[in-house]
$ cat work_8.cif   # mmCIF, C-alpha atoms
data_work
#
loop_
_atom_site.label_atom_id
_atom_site.label_comp_id
_atom_site.auth_asym_id
_atom_site.auth_seq_id
_atom_site.Cartn_x
_atom_site.Cartn_y
_atom_site.Cartn_z
CA MET A 114 -27.82 4.89 10.38
CA ASN A 115 -24.90 2.76 11.60
CA GLY A 116 -21.24 3.40 10.82
CA ALA A 117 -21.06 1.01 7.86
CA LYS A 118 -24.13 2.52 6.20
CA LYS A 119 -22.78 6.03 6.77
CA ALA A 120 -19.39 5.14 5.28
CA LEU A 121 -21.02 3.64 2.19
CA ALA A 122 -23.40 6.58 1.79
CA ILE A 123 -20.52 9.05 2.00
CA TRP A 124 -18.41 7.05 -0.47
CA HIS A 125 -21.28 6.84 -2.98
CA ALA A 126 -22.00 10.55 -2.63
CA GLY A 127 -18.43 11.32 -3.62
CA VAL A 128 -18.63 9.08 -6.70
CA GLU A 129 -22.04 10.35 -7.80
CA ALA A 130 -20.77 13.94 -7.75
CA VAL A 131 -18.25 13.14 -10.50
CA GLY A 132 -20.51 10.98 -12.68
CA GLY A 133 -19.65 11.20 -16.35
CA TYR A 134 -23.15 12.22 -17.42
CA LEU A 135 -23.53 14.93 -14.80
CA ALA A 136 -20.04 16.37 -15.29
CA THR A 137 -20.32 16.44 -19.08
CA MET A 138 -23.78 17.98 -19.18
CA ARG A 139 -22.74 20.59 -16.64
CA ALA A 140 -19.71 21.57 -18.73
CA LEU A 141 -21.61 21.69 -22.03
CA LYS A 142 -24.31 23.91 -20.59
CA ALA A 143 -21.89 26.21 -18.80
CA ASP A 144 -20.09 27.55 -21.85
CA GLN A 145 -22.65 26.98 -24.61
CA THR A 146 -20.37 24.65 -26.59
CA VAL A 147 -21.36 24.64 -30.27
CA LYS A 148 -22.86 21.48 -31.73
CA PRO A 149 -19.97 19.29 -32.92
CA ASP A 150 -19.82 17.43 -36.23
CA GLN A 151 -18.40 14.37 -34.49
CA ILE A 152 -18.16 13.05 -30.94
CA ILE A 153 -15.19 10.89 -30.01
CA ALA A 154 -15.13 9.34 -26.56
CA VAL A 155 -12.59 6.99 -25.05
CA GLY A 156 -12.19 5.65 -21.51
CA LYS A 157 -14.23 3.95 -18.81
CA ALA A 158 -16.66 6.89 -18.63
CA ALA A 159 -16.99 7.23 -22.42
CA GLY A 160 -20.52 5.84 -22.48
CA THR A 161 -22.03 8.16 -19.87
CA MET A 162 -20.15 11.17 -21.22
CA THR A 163 -21.38 10.47 -24.75
CA GLN A 164 -24.97 10.06 -23.58
CA ALA A 165 -24.84 13.51 -22.01
CA ALA A 166 -23.50 15.02 -25.24
CA LEU A 167 -26.19 13.29 -27.31
CA ASP A 168 -28.90 14.49 -24.96
CA ARG A 169 -27.51 17.99 -25.31
CA PHE A 170 -26.97 18.08 -29.10
CA GLY A 171 -29.15 15.36 -30.60
CA PRO A 172 -28.02 12.46 -32.84
CA VAL A 173 -24.47 13.61 -33.64
CA PRO A 174 -22.18 10.93 -35.16
CA ALA A 175 -20.32 9.34 -32.26
CA LEU A 176 -17.47 6.88 -31.79
CA VAL A 177 -17.17 5.35 -28.31
CA VAL A 178 -14.24 3.19 -27.19
CA THR A 179 -14.76 1.86 -23.68
CA LYS A 180 -14.35 -1.09 -21.34
CA ASP A 181 -16.42 -4.24 -21.64
CA GLY A 182 -19.89 -3.67 -20.20
CA HIS A 183 -19.51 0.12 -20.02
CA GLY A 184 -21.27 1.05 -23.27
CA THR A 185 -24.76 -0.27 -22.63
CA GLY A 186 -27.82 1.80 -23.49
CA LEU A 187 -26.28 3.99 -26.17
CA ALA A 188 -28.26 4.84 -29.30
CA ALA A 189 -28.04 2.48 -32.27
CA HIS A 190 -26.21 5.04 -34.42
CA VAL A 191 -23.23 5.16 -32.03
CA HIS A 192 -20.17 3.26 -33.22
CA LEU A 193 -19.32 1.35 -30.06
CA ILE A 194 -16.08 -0.57 -29.49
CA GLU A 195 -15.64 -2.33 -26.16
CA ALA A 196 -12.13 -3.49 -25.35
CA ALA A 197 -10.00 -4.97 -22.58
CA HIS A 198 -8.67 -3.30 -19.47
CA PRO A 199 -6.09 -3.09 -17.93
CA VAL A 200 -4.19 -5.10 -20.60
CA PRO A 201 -5.06 -4.26 -24.25
CA ASP A 202 -6.40 -6.82 -26.71
CA THR A 203 -7.13 -6.94 -30.44
CA ARG A 204 -10.21 -4.76 -29.91
CA SER A 205 -7.96 -2.09 -28.41
CA LEU A 206 -6.12 -1.95 -31.72
CA ALA A 207 -9.45 -1.68 -33.53
CA GLY A 208 -10.35 1.18 -31.20
CA GLY A 209 -7.12 3.02 -31.82
CA GLN A 210 -7.44 2.61 -35.58
CA ALA A 211 -11.05 3.81 -35.52
CA LEU A 212 -10.08 6.93 -33.55
CA ARG A 213 -7.28 7.78 -35.96
CA GLU A 214 -9.29 7.12 -39.12
CA THR A 215 -12.37 8.99 -37.90
CA LEU A 216 -10.36 12.11 -37.14
CA ALA A 217 -8.40 11.88 -40.39
CA ALA A 218 -11.63 11.69 -42.40
CA MET A 219 -13.14 14.86 -40.93
CA PRO A 220 -13.18 17.71 -43.47
CA LYS A 221 -11.86 21.22 -43.15
CA GLY A 222 -14.21 23.45 -41.20
CA SER A 223 -15.45 20.59 -39.00
CA ASN A 224 -15.49 20.46 -35.21
CA VAL A 225 -14.96 17.51 -32.90
CA LEU A 226 -15.92 17.02 -29.28
CA MET A 227 -13.46 14.69 -27.53
CA LEU A 228 -14.52 13.07 -24.25
CA ILE A 229 -11.57 11.51 -22.41
CA SER A 230 -11.53 9.50 -19.20
CA GLY A 231 -9.30 7.06 -17.34
CA GLY A 232 -8.65 3.62 -18.77
CA ALA A 233 -8.08 5.01 -22.25
CA SER A 234 -4.43 3.94 -22.29
CA SER A 235 -5.42 0.28 -22.50
CA LEU A 236 -8.69 0.60 -24.39
CA ALA A 237 -7.34 2.33 -27.51
CA GLU A 238 -3.92 1.71 -28.99
CA ASP A 239 -2.08 1.94 -32.28
CA PRO A 240 1.51 0.70 -31.93
CA VAL A 241 4.47 2.29 -33.64
CA ALA A 242 6.02 0.49 -36.59
CA GLY A 243 7.84 -2.67 -35.59
CA ARG A 244 5.81 -3.18 -32.41
CA THR A 245 2.98 -5.68 -31.99
CA LEU A 246 0.02 -6.29 -29.71
CA ALA A 247 2.14 -8.84 -27.86
CA ASP A 248 4.70 -6.11 -27.14
CA LEU A 249 1.97 -3.83 -25.77
CA GLN A 250 0.54 -6.60 -23.60
CA ALA A 251 3.94 -7.50 -22.20
CA LEU A 252 4.68 -3.86 -21.42
CA ASN A 253 1.35 -3.34 -19.65
CA ARG A 254 1.67 -6.50 -17.57
CA HIS A 255 5.14 -5.41 -16.51
CA LEU A 256 4.00 -1.88 -15.64
CA LEU A 257 1.02 -3.14 -13.64
CA ALA A 258 3.18 -5.45 -11.55
CA ALA A 259 6.14 -3.13 -11.02
CA GLY A 260 4.65 -0.72 -8.49
CA LEU A 261 4.95 2.35 -10.74
CA ASP A 262 2.59 5.31 -10.44
CA ILE A 263 0.32 6.29 -13.32
CA VAL A 264 2.59 9.12 -14.49
CA ALA A 265 5.54 6.77 -14.94
CA MET A 266 3.35 4.07 -16.50
CA ASN A 267 1.86 6.37 -19.10
CA ARG A 268 5.27 7.79 -19.95
CA GLU A 269 6.33 4.29 -21.00
CA ARG A 270 3.08 3.61 -22.85
CA ARG A 271 3.52 6.72 -24.98
CA LYS A 272 6.84 5.42 -26.31
CA LEU A 273 5.14 2.54 -28.16
CA SER A 274 2.12 4.46 -29.44
CA ARG A 275 1.25 6.30 -32.65
CA ILE A 276 -1.75 8.04 -31.06
CA LYS A 277 -0.75 8.93 -27.51
CA GLY A 278 1.05 12.07 -26.37
CA GLY A 279 -0.82 14.41 -28.76
CA ARG A 280 -0.23 12.24 -31.82
CA LEU A 281 -3.89 11.31 -32.27
CA LEU A 282 -5.00 14.89 -32.96
CA GLY A 283 -2.16 15.20 -35.44
CA HIS A 284 -4.50 13.34 -37.82
CA PHE A 285 -7.23 16.00 -37.49
CA HIS A 286 -7.35 18.75 -40.14
CA GLY A 287 -10.64 20.39 -39.23
CA ALA A 288 -11.40 23.71 -37.56
CA GLY A 289 -11.83 23.05 -33.86
CA VAL A 290 -11.31 20.58 -31.04
CA ARG A 291 -13.13 20.75 -27.70
CA VAL A 292 -11.83 18.30 -25.06
CA LEU A 293 -13.68 17.45 -21.86
CA ALA A 294 -11.71 15.17 -19.56
CA ILE A 295 -12.39 13.29 -16.36
CA SER A 296 -9.11 13.08 -14.48
CA ASP A 297 -7.81 9.84 -13.00
CA VAL A 298 -4.28 11.14 -12.41
CA PRO A 299 -2.53 13.24 -9.73
CA GLY A 300 -2.36 16.89 -10.73
CA ASP A 301 -5.12 16.48 -13.36
CA ASP A 302 -2.58 16.71 -16.18
CA LEU A 303 -4.21 16.20 -19.60
CA ALA A 304 -0.89 14.93 -20.96
CA VAL A 305 -1.12 12.02 -18.49
CA ILE A 306 -4.86 11.24 -18.69
CA GLY A 307 -5.20 8.43 -21.22
CA SER A 308 -1.49 8.88 -21.95
CA GLY A 309 -2.29 12.16 -23.68
CA LEU A 310 -4.89 10.94 -26.20
CA GLY A 311 -6.64 14.29 -25.88
CA SER A 312 -3.52 16.45 -25.92
CA ALA A 313 -2.86 18.81 -28.80
CA PRO A 314 0.13 18.16 -31.07
CA ASP A 315 3.02 20.61 -30.88
CA HIS A 316 2.03 22.23 -34.19
CA HIS A 317 -1.60 22.48 -35.29
CA ASP A 318 -3.89 24.78 -37.29
CA PHE A 319 -7.17 24.18 -35.43
CA THR A 320 -8.58 25.90 -32.37
CA TYR A 321 -8.13 23.80 -29.25
CA ARG A 322 -9.87 24.04 -25.88
CA ALA A 323 -9.50 21.51 -23.09
CA GLN A 324 -11.13 21.33 -19.67
CA ILE A 325 -10.99 18.99 -16.68
CA ILE A 326 -14.63 18.46 -15.67
CA ALA A 327 -14.32 15.94 -12.83
CA SER A 328 -11.52 15.00 -10.45
CA ASN A 329 -10.71 13.29 -7.18
CA ALA A 330 -10.81 16.64 -5.40
CA ILE A 331 -14.42 17.17 -6.48
CA ALA A 332 -15.33 13.67 -5.28
CA ARG A 333 -13.66 14.25 -1.91
CA ASP A 334 -15.41 17.59 -1.45
CA ALA A 335 -18.76 15.99 -2.20
CA ALA A 336 -18.04 13.14 0.21
CA ALA A 337 -17.16 15.67 2.90
CA ALA A 338 -20.40 17.56 2.29
CA ALA A 339 -22.36 14.32 2.57
CA ALA A 340 -20.62 13.51 5.85
CA ARG A 341 -21.52 16.87 7.32
CA ALA A 342 -25.11 16.46 6.15
CA LEU A 343 -25.22 13.22 8.16
CA GLY A 344 -23.96 15.07 11.22
CA CYS A 345 -20.45 13.65 11.03
CA PRO A 346 -17.51 16.02 11.57
CA VAL A 347 -14.84 15.72 8.87
CA LEU A 348 -11.56 15.09 10.68
CA GLU A 349 -9.34 14.81 7.61
CA CYS A 350 -9.79 15.10 3.83
CA GLY A 351 -6.87 14.90 1.42
CA GLU A 352 -5.27 13.25 -1.60
CA VAL A 353 -2.72 11.12 0.20
CA LEU A 354 -3.07 7.67 -1.38
CA HIS A 355 0.01 7.91 -3.59
CA ASP A 356 2.45 5.31 -2.27
CA ASP A 357 2.89 1.56 -1.92
CA LEU A 358 -0.36 0.32 -0.42
CA ASP A 359 1.26 -1.48 2.50
CA ALA A 360 3.27 1.62 3.41
CA LEU A 361 0.08 3.68 3.17
CA ALA A 362 -1.80 1.30 5.45
CA ARG A 363 0.94 1.47 8.07
CA HIS A 364 0.96 5.27 7.81
CA ILE A 365 -2.74 6.11 7.86
CA GLY A 366 -3.96 3.02 9.72
CA PRO A 367 -2.89 4.27 13.17
CA ARG A 368 -4.55 7.63 12.47
CA ILE A 369 -7.79 5.87 11.61
CA ARG A 370 -7.53 3.58 14.62
CA SER A 371 -7.10 6.53 17.00
CA MET A 372 -9.65 8.85 15.37
CA GLY A 373 -12.53 10.22 17.38
CA PRO A 374 -16.17 10.21 16.24
CA GLY A 375 -16.33 11.53 12.69
CA VAL A 376 -15.06 10.88 9.18
CA MET A 377 -11.72 10.73 7.39
CA ILE A 378 -11.67 10.92 3.59
CA PHE A 379 -8.67 9.99 1.46
CA GLY A 380 -8.13 10.02 -2.30
CA GLY A 381 -5.43 8.97 -4.72
CA GLU A 382 -4.12 5.86 -6.40
CA PRO A 383 -1.94 3.44 -4.40
CA THR A 384 0.73 1.37 -6.08
CA VAL A 385 1.47 -2.32 -5.59
CA VAL A 386 4.27 -4.70 -6.51
CA LEU A 387 2.68 -8.02 -7.46
CA PRO A 388 4.14 -11.47 -6.79
CA ALA A 389 4.91 -13.81 -9.68
CA ASN A 390 1.53 -15.55 -9.51
CA PRO A 391 -0.96 -13.12 -7.97
CA GLY A 392 -4.28 -14.30 -6.65
CA ARG A 393 -7.62 -12.54 -7.00
CA GLY A 394 -8.01 -8.87 -6.18
CA GLY A 395 -6.82 -5.36 -6.92
CA ARG A 396 -5.08 -2.52 -5.15
CA ASN A 397 -8.24 -1.28 -3.41
CA GLN A 398 -9.09 -4.70 -2.05
CA ALA A 399 -5.51 -5.08 -0.88
CA LEU A 400 -5.48 -1.65 0.77
CA ALA A 401 -8.79 -2.40 2.47
CA LEU A 402 -7.39 -5.64 3.90
CA ALA A 403 -4.14 -3.95 4.93
CA LEU A 404 -6.18 -1.31 6.78
CA ALA A 405 -8.23 -4.09 8.39
CA ARG A 406 -4.95 -5.33 9.84
CA GLU A 407 -4.23 -1.89 11.28
CA ILE A 408 -7.66 -1.51 12.91
CA SER A 409 -8.07 -5.14 13.99
CA GLY A 410 -10.02 -5.34 17.25
CA ALA A 411 -11.08 -1.68 17.18
CA GLU A 412 -14.74 -1.00 17.87
CA GLY A 413 -17.05 1.37 16.03
CA LEU A 414 -14.78 1.76 12.98
CA THR A 415 -15.68 1.10 9.33
CA VAL A 416 -13.44 1.75 6.34
CA VAL A 417 -14.58 1.72 2.70
CA VAL A 418 -11.90 1.66 0.00
CA GLY A 419 -12.90 1.59 -3.66
CA GLY A 420 -12.05 2.50 -7.22
CA THR A 421 -14.41 5.28 -8.28
CA ASP A 422 -14.96 3.54 -11.63
CA GLY A 423 -16.53 0.55 -9.87
CA SER A 424 -13.73 -1.86 -10.71
CA ASP A 425 -10.45 -2.84 -9.11
CA GLY A 426 -7.79 -4.52 -11.21
CA PRO A 427 -9.07 -7.52 -13.21
CA THR A 428 -12.06 -8.12 -10.89
CA ASP A 429 -15.76 -7.24 -10.73
CA ALA A 430 -15.43 -5.57 -7.31
CA ALA A 431 -14.57 -1.93 -6.65
CA GLY A 432 -12.80 -2.57 -3.35
CA GLY A 433 -13.63 -3.57 0.20
CA VAL A 434 -15.62 -2.63 3.31
CA VAL A 435 -13.74 -3.57 6.49
CA ASP A 436 -13.95 -3.08 10.24
CA GLY A 437 -12.25 -4.27 13.40
CA THR A 438 -13.48 -7.84 12.90
CA THR A 439 -12.35 -8.35 9.29
CA TRP A 440 -8.74 -9.36 9.93
CA GLY A 441 -8.44 -13.02 10.86
CA PRO A 442 -6.82 -16.36 10.04
CA GLY A 443 -5.55 -16.43 6.47
CA ALA A 444 -5.59 -12.65 6.04
CA ALA A 445 -1.83 -12.21 6.17
CA GLU A 446 -1.29 -14.91 3.55
CA ALA A 447 -4.00 -13.42 1.32
CA LEU A 448 -2.35 -10.02 1.51
CA ALA A 449 1.10 -11.42 0.77
CA THR A 450 -0.08 -13.41 -2.26
CA ALA A 451 -2.25 -10.61 -3.75
CA ASP A 452 -5.34 -12.70 -2.99
CA SER A 453 -7.20 -10.14 -0.91
CA GLY A 454 -10.30 -10.33 -3.07
CA ARG A 455 -10.84 -14.00 -2.30
CA TYR A 456 -10.39 -13.40 1.43
CA LEU A 457 -12.77 -10.42 1.51
CA ASP A 458 -15.34 -12.19 -0.64
CA ALA A 459 -15.48 -15.12 1.78
CA ARG A 460 -16.35 -12.64 4.54
CA GLY A 461 -18.92 -10.65 2.60
CA ALA A 462 -16.58 -7.66 2.68
CA LEU A 463 -16.26 -6.80 -1.01
CA LEU A 464 -17.56 -3.49 -2.37
CA ARG A 465 -19.49 -4.21 -5.56
CA THR A 466 -21.06 -1.30 -7.43
CA GLY A 467 -20.94 -2.19 -11.12
CA PRO A 468 -19.71 0.43 -13.63
CA THR A 469 -20.19 3.89 -12.14
CA GLY A 470 -19.78 5.94 -15.31
CA THR A 471 -16.77 7.84 -14.01
CA ASN A 472 -13.12 7.34 -13.02
CA VAL A 473 -11.30 9.77 -10.70
CA MET A 474 -8.78 7.44 -9.05
CA ASP A 475 -9.68 5.84 -5.70
CA LEU A 476 -11.63 6.99 -2.66
CA ALA A 477 -11.38 5.80 0.94
CA VAL A 478 -13.80 6.74 3.72
CA ALA A 479 -13.28 5.90 7.39
CA VAL A 480 -16.12 6.42 9.87
CA ARG A 481 -16.12 6.14 13.64
CA ALA A 482 -19.71 6.11 14.88
#
$ encode --input "work_8.cif" --output "structure tokens"
Amino acid sequence: MNGAKKALAIWHAGVEAVGGYLATMRALKADQTVKPDQIIAVGKAAGTMTQAALDRFGPVPALVVTKDGHGTGLAAHVHLIEAAHPVPDTRSLAGGQALRETLAAMPKGSNVLMLISGGASSLAEDPVAGRTLADLQALNRHLLAAGLDIVAMNRERRKLSRIKGGRLLGHFHGAGVRVLAISDVPGDDLAVIGSGLGSAPDHHDFTYRAQIIASNAIARDAAAAAARALGCPVLECGEVLHDDLDALARHIGPRIRSMGPGVMIFGGEPTVVLPANPGRGGRNQALALALAREISGAEGLTVVVGGTDGSDGPTDAAGGVVDGTTWGPGAAEALATADSGRYLDARGALLRTGPTGTNVMDLAVAVRA
């Protein structure tokens, strides 16, 4: 197996270990969760998480709010709403309203299973009085272009929402809430995941249990195990991708370039400040191209950078697969104009996986054969 195939195999092993179906089924079996009266799932992994719950409990009423193309294969009885990401649309408002009304309609003595994953902040929304969809869209476009991390972004999103920050469960008057969450944020803070859609309100009369069932750390550990199984020593493994992507590339690029035979694994979520008229691509494609610059001319090196959800910004690619030959004429301009996706695509260097059924931030794997 050559270096590129090893890097891809290791990356996929990390993602598969945090799959929404696997993580949800594992959690439900581990603590013998009682059969809920209602399943509510929101986020990019909502479909796979719901399928696990249905396979565990049978045909429980279920509401799923997820990204376009991420809800295929669910049973006919599931109320499915697919909406836009990363900027909300009218369907996002329908999703937010459906979440609120479903919870409000549940009777006393009832139990709900909430399945939360990344992407929920855009996919379900219910603006405060006096605010419109246009306000939400403008805010999200600004946040996405401003280079803020997810904690700061979701803090701002909560200010315009009637359902984020624990407000959604304020409409529930039943007996119990069980939350299973897949973390796409540093620190795995439930108040940040989905801007706190699964958080409990300050004052409530129901029992509340919440658990993080998949995270970037789990994905990195699985990737490291896969590397060792392939006979590759793991030289570095850490959650370090929390900075401007160009600064990250200049920091970790030289370490990758000088690494000996083996594997380096990095996780996190880089930030990017976009130009006024960005081209095609996302932060993972941009980081991949920036790392290609740092390892240009190096032999025996392959780097895979991808969003664990299978998407990267408003594109159908998860990221990029680069080596010492990727950087060339036009690369610098593509990077400067946020057009990395077009450049990588022309060189057959895009990572395309389709929806993965999970979302635990981003994963980068560097292999020197």
$ resolve_selection --input "work_8.cif" --expression "the PyMOL selection byres ((chain A and resi 452-457) around 6)" --output "JSON, numbers by chain"
{"A": [392, 393, 394, 398, 399, 447, 448, 450, 451, 458, 459, 460, 462, 463]}
$ residues_around --input "work_8.cif" --residues "segment 123-136 of chain A" --least-positions-apart "5" --cutoff "8 Å" --atoms "only C-alpha atoms" --output "list in words"
Ala158, Ala159, Thr161, Met162, Thr163, Gln164, Ala165, Ile295, Ile326, Ala327, Ser328, Ile331, Ala332, Arg333, Asp334, Ala335, Ala336, Ala337, Ala339, Ala340, Val417, Thr421, Thr469, Gly470, Thr471, Val473, Leu476, Ala477 and Val478 of chain A
$ residues_around --input "work_8.cif" --residues "segment 307-323 of chain A" --least-positions-apart "4" --cutoff "7 Å" --atoms "all atoms listed in the file" --output "list in words"
Ile229, Ser230, Gly231, Gly232, Ala233, Ser234, Asn267, Arg271, Ile276, Lys277, Gly278, Gly279, Arg280, Leu281, Leu282, Gly283, Gly287, Ala288, Gly289, Val290, Arg291, Val292, Leu293 and Leu303 of chain A
$ closest_atom_pairs --input "work_8.cif" --of "segment 292-383 of chain A" --to "segment 242-265 of chain A" --cutoff "9 Å" --atoms "only C-alpha atoms" --output "tab-separated table"
residue	atom	partner	partner_atom	distance
A:Asp297	CA	A:Ile263	CA	8.9
A:Val298	CA	A:Ile263	CA	6.7
A:Pro299	CA	A:Val264	CA	8.1
A:Val305	CA	A:Val264	CA	6.2
A:Ile306	CA	A:Val264	CA	8.8
A:Ser308	CA	A:Val264	CA	8.5
A:His355	CA	A:Asp262	CA	7.8
A:Asp356	CA	A:Asp262	CA	8.2
A:Asp357	CA	A:Gly260	CA	7.2
A:Glu382	CA	A:Asp262	CA	7.9
A:Pro383	CA	A:Asp262	CA	7.8
$ write_last_selection --input "work_8.cif" --atoms "C-alpha atoms" --output "PDB file, in the frame of the given file"
ATOM      1  CA  ASP A 297      -7.810   9.840 -13.000  1.00  0.00           C
ATOM      2  CA  VAL A 298      -4.280  11.140 -12.410  1.00  0.00           C
ATOM      3  CA  PRO A 299      -2.530  13.240  -9.730  1.00  0.00           C
ATOM      4  CA  VAL A 305      -1.120  12.020 -18.490  1.00  0.00           C
ATOM      5  CA  ILE A 306      -4.860  11.240 -18.690  1.00  0.00           C
ATOM      6  CA  SER A 308      -1.490   8.880 -21.950  1.00  0.00           C
ATOM      7  CA  HIS A 355       0.010   7.910  -3.590  1.00  0.00           C
ATOM      8  CA  ASP A 356       2.450   5.310  -2.270  1.00  0.00           C
ATOM      9  CA  ASP A 357       2.890   1.560  -1.920  1.00  0.00           C
ATOM     10  CA  GLU A 382      -4.120   5.860  -6.400  1.00  0.00           C
ATOM     11  CA  PRO A 383      -1.940   3.440  -4.400  1.00  0.00           C
TER      12      PRO A 383
END
$ closest_residue --input "work_8.cif" --among "A:Cys345, A:Ile378, A:Leu193, A:Ile408" --to "Leu212 of chain A" --atoms "all atoms listed in the file"
A:Leu193
$ decode --input "work_8.cif" --residues "segment 314-330 of chain A" --atoms "N, CA and C atoms" --output "PDB file, in the first residue's frame"
ATOM      1  N   PRO A 314     -32.842  24.094  30.058  1.00  0.00           N
ATOM      2  CA  PRO A 314     -33.080  25.459  30.544  1.00  0.00           C
ATOM      3  C   PRO A 314     -32.655  25.582  31.996  1.00  0.00           C
ATOM      4  N   ASP A 315     -32.480  26.810  32.445  1.00  0.00           N
ATOM      5  CA  ASP A 315     -32.020  27.031  33.823  1.00  0.00           C
ATOM      6  C   ASP A 315     -32.958  26.408  34.852  1.00  0.00           C
ATOM      7  N   HIS A 316     -34.258  26.472  34.598  1.00  0.00           N
ATOM      8  CA  HIS A 316     -35.241  25.929  35.542  1.00  0.00           C
ATOM      9  C   HIS A 316     -36.142  24.947  34.797  1.00  0.00           C
ATOM     10  N   HIS A 317     -36.171  23.706  35.263  1.00  0.00           N
ATOM     11  CA  HIS A 317     -37.012  22.705  34.600  1.00  0.00           C
ATOM     12  C   HIS A 317     -37.447  21.657  35.620  1.00  0.00           C
ATOM     13  N   ASP A 318     -38.564  20.964  35.283  1.00  0.00           N
ATOM     14  CA  ASP A 318     -39.145  19.972  36.189  1.00  0.00           C
ATOM     15  C   ASP A 318     -38.970  18.541  35.679  1.00  0.00           C
ATOM     16  N   PHE A 319     -38.262  18.343  34.589  1.00  0.00           N
ATOM     17  CA  PHE A 319     -38.070  17.007  34.036  1.00  0.00           C
ATOM     18  C   PHE A 319     -36.663  16.496  34.372  1.00  0.00           C
ATOM     19  N   THR A 320     -36.506  15.179  34.318  1.00  0.00           N
ATOM     20  CA  THR A 320     -35.174  14.610  34.471  1.00  0.00           C
ATOM     21  C   THR A 320     -34.401  14.844  33.172  1.00  0.00           C
ATOM     22  N   TYR A 321     -33.113  15.076  33.312  1.00  0.00           N
ATOM     23  CA  TYR A 321     -32.298  15.445  32.146  1.00  0.00           C
ATOM     24  C   TYR A 321     -30.967  14.720  32.219  1.00  0.00           C
ATOM     25  N   ARG A 322     -30.643  13.984  31.164  1.00  0.00           N
ATOM     26  CA  ARG A 322     -29.348  13.320  31.067  1.00  0.00           C
ATOM     27  C   ARG A 322     -28.769  13.590  29.690  1.00  0.00           C
ATOM     28  N   ALA A 323     -27.520  13.998  29.661  1.00  0.00           N
ATOM     29  CA  ALA A 323     -26.859  14.304  28.389  1.00  0.00           C
ATOM     30  C   ALA A 323     -25.507  13.616  28.337  1.00  0.00           C
ATOM     31  N   GLN A 324     -25.123  13.181  27.124  1.00  0.00           N
ATOM     32  CA  GLN A 324     -23.884  12.441  26.953  1.00  0.00           C
ATOM     33  C   GLN A 324     -23.275  12.750  25.592  1.00  0.00           C
ATOM     34  N   ILE A 325     -21.972  12.997  25.568  1.00  0.00           N
ATOM     35  CA  ILE A 325     -21.226  13.117  24.315  1.00  0.00           C
ATOM     36  C   ILE A 325     -20.848  11.701  23.880  1.00  0.00           C
ATOM     37  N   ILE A 326     -21.268  11.286  22.693  1.00  0.00           N
ATOM     38  CA  ILE A 326     -21.047   9.906  22.259  1.00  0.00           C
ATOM     39  C   ILE A 326     -20.004   9.774  21.143  1.00  0.00           C
ATOM     40  N   ALA A 327     -19.581  10.871  20.575  1.00  0.00           N
ATOM     41  CA  ALA A 327     -18.525  10.834  19.553  1.00  0.00           C
ATOM     42  C   ALA A 327     -17.844  12.198  19.529  1.00  0.00           C
ATOM     43  N   SER A 328     -16.531  12.180  19.270  1.00  0.00           N
ATOM     44  CA  SER A 328     -15.761  13.416  19.319  1.00  0.00           C
ATOM     45  C   SER A 328     -14.532  13.293  18.430  1.00  0.00           C
ATOM     46  N   ASN A 329     -13.844  14.408  18.251  1.00  0.00           N
ATOM     47  CA  ASN A 329     -12.620  14.404  17.459  1.00  0.00           C
ATOM     48  C   ASN A 329     -11.554  13.532  18.099  1.00  0.00           C
ATOM     49  N   ALA A 330     -11.500  13.517  19.418  1.00  0.00           N
ATOM     50  CA  ALA A 330     -10.510  12.697  20.111  1.00  0.00           C
ATOM     51  C   ALA A 330     -10.702  11.220  19.795  1.00  0.00           C
TER      52      ALA A 330
END
